[in-house]
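To start, the structure under review is shown below, and the notes come after it.
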Amino acid sequence: MGEIWIIGATGRAGRSISAELTAGGHQIVLVGRNAERLAAAAAAAETPGGPPPRTLVTDDPAGRITADKPDVVVNTVGPFGATTVPTARACVEAGCHYVDLANEFEPVRSLLELDSAARAAGSTLVTGAGFGVLANEALVCELCAGRPAPTRVRVAAMPVVDGLGPAVLASVVDAAATGGLIYRGGRLERTRLGAHLQQIPLPDGTTRPTVAVPTGELEAALRASGAGDVIATSSEVPTGRATRAVLPVVGAILRVDAVRRSVIRLIDRWKLTPPSAQGDTSWAYAYAQWEGGETRQAWLRTGEGYAFTSRVAARVAARLADGDGRPGAFTPGALFGADLARSAGGTITFDSTAKDL
């Protein structure tokens with residue numbers, strides 16, 4: 001078992017991942033800027049009979065990675081548009097492995113572009129180790145296994161989460177600033193932010209509205225399917241007509257660097273969090289259509305989204321620490337398959353009588 005560093009260990013995701021890893025007997029190092037909060041997080045993560053967590057206080061985690069060369073680094077610090085590439089590059093330089101929870105399109109795509117460098121260094125880089133990317137990617141992998149590439153794929157993330165922390169909200173701001181994106185004919189195409197309103201069917205006969213947003217699962221679904229046309233939607237963005245009408249304006253304003261930085265600072269300073277969503281079931285959905293008109297759909301069901309994400313990230317980090325990886329840059333399903341989602345508590349069901357979306 002190798003040593004696993006958790007950057008942002010005092011945050012919600014960091015604490016939960018730490019608990020998962022120490023319960024499995026892994027040696028972890030909690031990395032952050034505040035010694036007192038790190039000590040409290042270490043005490044909370046201790047497991048009887050397991051190795052006691054260590055702490056590392058630093059304002060420069062990338063520099064410490066290159067100097068200390070840990071075995072695995074888990075990055076929980078958003079917005080990932082600012083932290084993913086610098087931290088992953090430090091891991092490549094150190095020859096260690098990397099895992100993050102990114103769900104924004106640009107950080108996921110940028111991490112995957114480090115594949116050649118990771119292979120040369122013998123490092124495994126995994127991005128999107130959480131609900132959004134893995135839940136949808138696992139469904140696409142299952143729908144397309146052993147079959148020719150479909151022509152169209154639609155994926156939807158419908159998580160229930162117990163509140164969104166400041167780091168996640170900062171990532172949402174970055175995603176909104178990216179604007180609307182879809183793949184058409186295999187090429188990335190701009191679309192209106194909040195377009196492509198879709199009523200996603202659920203196994204219980206109900207539907208849930210979602211709209212297109214630039215998330216990491218857009219890239220993951222493209223790579224997992226080989227489809228030319230791919231759209232990723234989410235229920236986390238309000239779907240009312242008035243809200244959808246102003247989303248493009250909001251996105252355009254947030255593309256101004258000074259405005260975006262100010263909003264992110266405000267979120268962090270005031271620890272802003274929206275109210276918790278109601279319910280205890282998160283859903284992911286995937287729809288595929290092949291040449292000739294054949295369609296299939298699948299759902300992944302799990303509990304609260306943060307808990308699923310923590311289990312996914314911990315399992316990926318543990319497997320890399322145990323030597324169960326291979327050099328390169330990956331999304332979690334591309335590296336470990338759909339069973340990773342099942343091992344984290346997801347249940348997958350299929351239907352071969354899907355209606356056209």
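By order in the structure tokens, chains are A, B, ...; within a chain, residues start at 1; ligands start at 1, following the order shown.
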**Message:** For the structure I just gave you, how does DSSP split stretch 160-297 of chain A - specifically, which residues are strand (DSSP E)? Reply as a count of residues only.
**Reply:** 37
**Request:** Please provide as a VMD selection string all residues within 8 Å of stretch 150-154 of chain A, with the sequence filter that same-chain residues fewer than 3 positions apart are discarded (counting only C-alpha atoms).
**Result:** chain A and resid 144 221 to 222 225 to 233 286 to 291
Could you save the residues just selected, with all heavy atoms, as a short mmCIF file (atom, residue, chain, number, x, y, z; two decimals), in the first residue's frame?
data_model
loop_
_atom_site.label_atom_id
_atom_site.label_comp_id
_atom_site.auth_asym_id
_atom_site.auth_seq_id
_atom_site.Cartn_x
_atom_site.Cartn_y
_atom_site.Cartn_z
N CYS A 144 -22.83 0.47 -24.74
CA CYS A 144 -22.07 0.35 -25.98
C CYS A 144 -21.11 -0.84 -26.01
O CYS A 144 -20.47 -1.08 -27.04
CB CYS A 144 -21.28 1.63 -26.23
SG CYS A 144 -22.32 3.10 -26.42
N ALA A 221 -18.64 10.84 -22.12
CA ALA A 221 -19.61 10.10 -22.94
C ALA A 221 -19.16 10.01 -24.38
O ALA A 221 -19.35 8.99 -25.05
CB ALA A 221 -20.98 10.78 -22.85
N LEU A 222 -18.54 11.07 -24.89
CA LEU A 222 -18.01 11.03 -26.26
C LEU A 222 -16.96 9.93 -26.39
O LEU A 222 -17.00 9.11 -27.32
CB LEU A 222 -17.39 12.38 -26.61
CG LEU A 222 -16.67 12.41 -27.97
CD1 LEU A 222 -17.65 12.70 -29.08
CD2 LEU A 222 -15.55 13.45 -27.96
N SER A 225 -18.35 6.27 -26.01
CA SER A 225 -19.29 5.79 -27.02
C SER A 225 -18.74 5.83 -28.44
O SER A 225 -19.11 4.99 -29.27
CB SER A 225 -20.56 6.62 -26.98
OG SER A 225 -20.31 7.97 -27.39
N GLY A 226 -17.91 6.82 -28.74
CA GLY A 226 -17.49 7.02 -30.12
C GLY A 226 -18.56 7.65 -30.98
O GLY A 226 -18.43 7.73 -32.21
N ALA A 227 -19.65 8.13 -30.36
CA ALA A 227 -20.75 8.74 -31.11
C ALA A 227 -20.34 10.10 -31.66
O ALA A 227 -19.51 10.80 -31.07
CB ALA A 227 -21.98 8.88 -30.22
N GLY A 228 -20.97 10.50 -32.76
CA GLY A 228 -20.70 11.81 -33.31
C GLY A 228 -21.45 12.92 -32.60
O GLY A 228 -20.94 14.01 -32.39
N ASP A 229 -22.72 12.64 -32.21
CA ASP A 229 -23.57 13.64 -31.56
C ASP A 229 -23.74 13.27 -30.10
O ASP A 229 -24.29 12.20 -29.78
CB ASP A 229 -24.95 13.70 -32.23
CG ASP A 229 -24.89 14.23 -33.65
OD1 ASP A 229 -23.79 14.62 -34.10
OD2 ASP A 229 -25.94 14.24 -34.33
N VAL A 230 -23.30 14.15 -29.21
CA VAL A 230 -23.38 13.90 -27.77
C VAL A 230 -23.85 15.16 -27.06
O VAL A 230 -23.33 16.26 -27.32
CB VAL A 230 -22.01 13.47 -27.18
CG1 VAL A 230 -22.15 13.15 -25.70
CG2 VAL A 230 -21.46 12.27 -27.94
N ILE A 231 -24.82 15.00 -26.18
CA ILE A 231 -25.31 16.09 -25.35
C ILE A 231 -25.33 15.62 -23.90
O ILE A 231 -25.79 14.51 -23.61
CB ILE A 231 -26.73 16.55 -25.77
CG1 ILE A 231 -26.70 17.14 -27.18
CG2 ILE A 231 -27.28 17.57 -24.79
CD1 ILE A 231 -28.08 17.54 -27.70
N ALA A 232 -24.84 16.46 -23.00
CA ALA A 232 -24.90 16.18 -21.56
C ALA A 232 -25.80 17.20 -20.91
O ALA A 232 -25.65 18.41 -21.12
CB ALA A 232 -23.50 16.24 -20.94
N THR A 233 -26.76 16.73 -20.11
CA THR A 233 -27.69 17.62 -19.42
C THR A 233 -27.66 17.35 -17.92
O THR A 233 -27.13 16.33 -17.47
CB THR A 233 -29.12 17.46 -19.95
OG1 THR A 233 -29.60 16.14 -19.63
CG2 THR A 233 -29.19 17.66 -21.45
N ALA A 286 -28.59 7.48 -19.43
CA ALA A 286 -27.92 7.49 -20.73
C ALA A 286 -28.83 6.90 -21.79
O ALA A 286 -29.53 5.90 -21.54
CB ALA A 286 -26.60 6.72 -20.69
N TYR A 287 -28.82 7.50 -22.94
CA TYR A 287 -29.63 7.08 -24.09
C TYR A 287 -28.70 6.99 -25.30
O TYR A 287 -27.87 7.88 -25.52
CB TYR A 287 -30.73 8.12 -24.34
CG TYR A 287 -31.41 8.04 -25.69
CD1 TYR A 287 -32.59 7.33 -25.84
CD2 TYR A 287 -30.88 8.71 -26.80
CE1 TYR A 287 -33.24 7.28 -27.08
CE2 TYR A 287 -31.52 8.67 -28.03
CZ TYR A 287 -32.69 7.95 -28.16
OH TYR A 287 -33.32 7.90 -29.38
N ALA A 288 -28.81 5.92 -26.06
CA ALA A 288 -27.98 5.76 -27.26
C ALA A 288 -28.85 5.34 -28.43
O ALA A 288 -29.79 4.55 -28.27
CB ALA A 288 -26.88 4.72 -27.03
N GLN A 289 -28.53 5.85 -29.61
CA GLN A 289 -29.24 5.50 -30.84
C GLN A 289 -28.22 5.10 -31.90
O GLN A 289 -27.20 5.77 -32.07
CB GLN A 289 -30.07 6.67 -31.35
CG GLN A 289 -30.90 6.36 -32.59
CD GLN A 289 -31.71 7.55 -33.04
OE1 GLN A 289 -31.16 8.60 -33.35
NE2 GLN A 289 -33.02 7.39 -33.05
N TRP A 290 -28.53 3.99 -32.60
CA TRP A 290 -27.62 3.47 -33.61
C TRP A 290 -28.16 3.71 -35.01
O TRP A 290 -29.33 4.03 -35.19
CB TRP A 290 -27.39 1.97 -33.39
CG TRP A 290 -26.43 1.66 -32.30
CD1 TRP A 290 -25.09 1.39 -32.41
CD2 TRP A 290 -26.74 1.58 -30.90
NE1 TRP A 290 -24.55 1.16 -31.16
CE2 TRP A 290 -25.53 1.26 -30.22
CE3 TRP A 290 -27.91 1.75 -30.14
CZ2 TRP A 290 -25.46 1.11 -28.85
CZ3 TRP A 290 -27.85 1.60 -28.76
CH2 TRP A 290 -26.63 1.28 -28.14
N GLU A 291 -27.26 3.56 -35.98
CA GLU A 291 -27.65 3.62 -37.37
C GLU A 291 -28.77 2.60 -37.60
O GLU A 291 -28.68 1.45 -37.18
CB GLU A 291 -26.45 3.24 -38.26
CG GLU A 291 -26.60 3.61 -39.72
CD GLU A 291 -26.27 5.06 -39.99
OE1 GLU A 291 -25.35 5.60 -39.36
OE2 GLU A 291 -26.97 5.64 -40.83
#
**Request:** Determine, counting only C-alpha atoms, which protein, DNA and RNA residues have an atom within 9 Å of an atom of stretch 326-334 of chain A; residues of the same chain fewer than 4 positions away are not included. Present the result as JSON, numbers by chain.
**Result:** {"A": [97, 108, 111, 112, 113, 114, 115, 116, 117, 118, 119, 120, 121, 122, 123, 124, 125, 126, 127, 128, 129, 130, 133, 134, 135, 137, 138, 141, 220, 223, 224, 312, 313, 316, 320, 338, 339, 340, 341]}
**Asked** DSSP says helix (DSSP H, G or I) for which residues of stretch 176-248 of chain A? Put them as JSON, numbers by chain?
**Response** {"A": [176, 177, 178, 216, 217, 218, 219, 220, 221, 222, 223, 224, 225, 241, 242, 243, 244, 245, 246, 247, 248]}
For the selection just defined, write its residues with C-alpha atoms to a file, as an mmCIF file, in the first residue's frame.
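The new file again.cif reads:
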data_model
loop_
_atom_site.group_PDB
_atom_site.id
_atom_site.type_symbol
_atom_site.label_atom_id
_atom_site.label_comp_id
_atom_site.auth_asym_id
_atom_site.auth_seq_id
_atom_site.Cartn_x
_atom_site.Cartn_y
_atom_site.Cartn_z
ATOM 1 C CA ALA A 176 -21.285 28.696 -16.394
ATOM 2 C CA ALA A 177 -18.510 30.919 -17.725
ATOM 3 C CA THR A 178 -17.575 28.213 -20.220
ATOM 4 C CA GLY A 216 -17.094 16.589 -17.727
ATOM 5 C CA GLU A 217 -19.525 13.824 -18.612
ATOM 6 C CA LEU A 218 -19.911 15.386 -22.076
ATOM 7 C CA GLU A 219 -16.292 14.485 -22.852
ATOM 8 C CA ALA A 220 -16.489 11.161 -21.009
ATOM 9 C CA ALA A 221 -19.614 10.105 -22.939
ATOM 10 C CA LEU A 222 -18.011 11.029 -26.258
ATOM 11 C CA ARG A 223 -14.927 8.920 -25.547
ATOM 12 C CA ALA A 224 -16.858 5.985 -24.100
ATOM 13 C CA SER A 225 -19.285 5.791 -27.023
ATOM 14 C CA ARG A 241 -38.365 29.350 -18.784
ATOM 15 C CA ALA A 242 -37.308 32.634 -17.196
ATOM 16 C CA THR A 243 -34.126 31.153 -15.749
ATOM 17 C CA ARG A 244 -33.170 29.526 -19.037
ATOM 18 C CA ALA A 245 -33.703 32.838 -20.789
ATOM 19 C CA VAL A 246 -31.167 34.675 -18.614
ATOM 20 C CA LEU A 247 -28.546 31.899 -18.347
ATOM 21 C CA PRO A 248 -26.676 32.986 -21.500
#
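Summary of the local environment: counting only C-alpha atoms, residues at most 10 Å from stretch 85-87 of chain A, other than itself and those fewer than 4 positions away along its chain, are Ile7, Asp60, Pro61, Ala62, Gly63, Ile65, Thr66, Val73, Val74, Asn75, Phe80, Gly81, Cys91, Val92, Glu93, Tyr98, Val99, Asp100, Pro107, Val108, Ser110, Leu111, Leu112, Glu113 and Leu114 of chain A.
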**Message:** List the spatial neighbours of A:Glu36 as number ranges by chain - criterion: any atom at most 12 Å away, only C-alpha atoms, same-chain residues fewer than 6 positions off excluded.
**Reply:** A: 10, 30, 42-43, 55-57
**Prompt:** Do you know which residues are at most 9 Å from A:Leu21 counting only C-alpha atoms, after dropping those on the same chain fewer than 2 positions away, and could you put them as a ChimeraX atom specification?
**Reply:** /A:4,16-19,23-28,45,314-315,317-318
**Complete:** Computed gap from atom CA of A:Phe131 to atom CA of A:Asp162 is 13.6 Å
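If you look at atom CA of A:Arg311 and atom CA of A:Gly146, they are 28.0 Å away from each other.
Coordinates place atom CA of A:Trp283 at a distance of 9.9 Å from atom CA of A:Arg208.
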**Request:** Using only C-alpha atoms, find the one residue out of A:Gly205, A:Leu300, A:Gly8, A:Ala90 that sits nearest to A:Val155.
**Result:**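 Checking each of A:Gly205, A:Leu300, A:Gly8, A:Ala90 against A:Val155, counting only C-alpha atoms, the winner is A:Leu300.
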**Asked** Near A:Tyr306, within 7 Å and counting only C-alpha atoms, which residues show up once chain neighbours fewer than 3 positions away are dropped, as an MDAnalysis selection string?
**Response** chainID A and resid 161 309:310
Dump of all heavy atoms for the selected residues, as a PDB file, in the first residue's frame:
ATOM      1  N   VAL A 161     -28.089  16.114  -3.496  1.00  0.00           N
ATOM      2  CA  VAL A 161     -26.933  16.368  -2.639  1.00  0.00           C
ATOM      3  C   VAL A 161     -27.372  17.140  -1.404  1.00  0.00           C
ATOM      4  O   VAL A 161     -28.301  17.944  -1.447  1.00  0.00           O
ATOM      5  CB  VAL A 161     -25.828  17.141  -3.379  1.00  0.00           C
ATOM      6  CG1 VAL A 161     -25.256  16.311  -4.502  1.00  0.00           C
ATOM      7  CG2 VAL A 161     -26.334  18.468  -3.915  1.00  0.00           C
ATOM      8  N   THR A 309     -19.703  10.123  -4.520  1.00  0.00           N
ATOM      9  CA  THR A 309     -18.449  10.696  -5.006  1.00  0.00           C
ATOM     10  C   THR A 309     -17.279  10.326  -4.101  1.00  0.00           C
ATOM     11  O   THR A 309     -16.207   9.947  -4.576  1.00  0.00           O
ATOM     12  CB  THR A 309     -18.573  12.225  -5.107  1.00  0.00           C
ATOM     13  OG1 THR A 309     -19.465  12.552  -6.174  1.00  0.00           O
ATOM     14  CG2 THR A 309     -17.230  12.889  -5.355  1.00  0.00           C
ATOM     15  N   SER A 310     -17.478  10.409  -2.793  1.00  0.00           N
ATOM     16  CA  SER A 310     -16.397  10.083  -1.856  1.00  0.00           C
ATOM     17  C   SER A 310     -15.985   8.628  -1.973  1.00  0.00           C
ATOM     18  O   SER A 310     -14.798   8.290  -1.932  1.00  0.00           O
ATOM     19  CB  SER A 310     -16.827  10.394  -0.421  1.00  0.00           C
ATOM     20  OG  SER A 310     -17.061  11.781  -0.269  1.00  0.00           O
TER      21      SER A 310
END
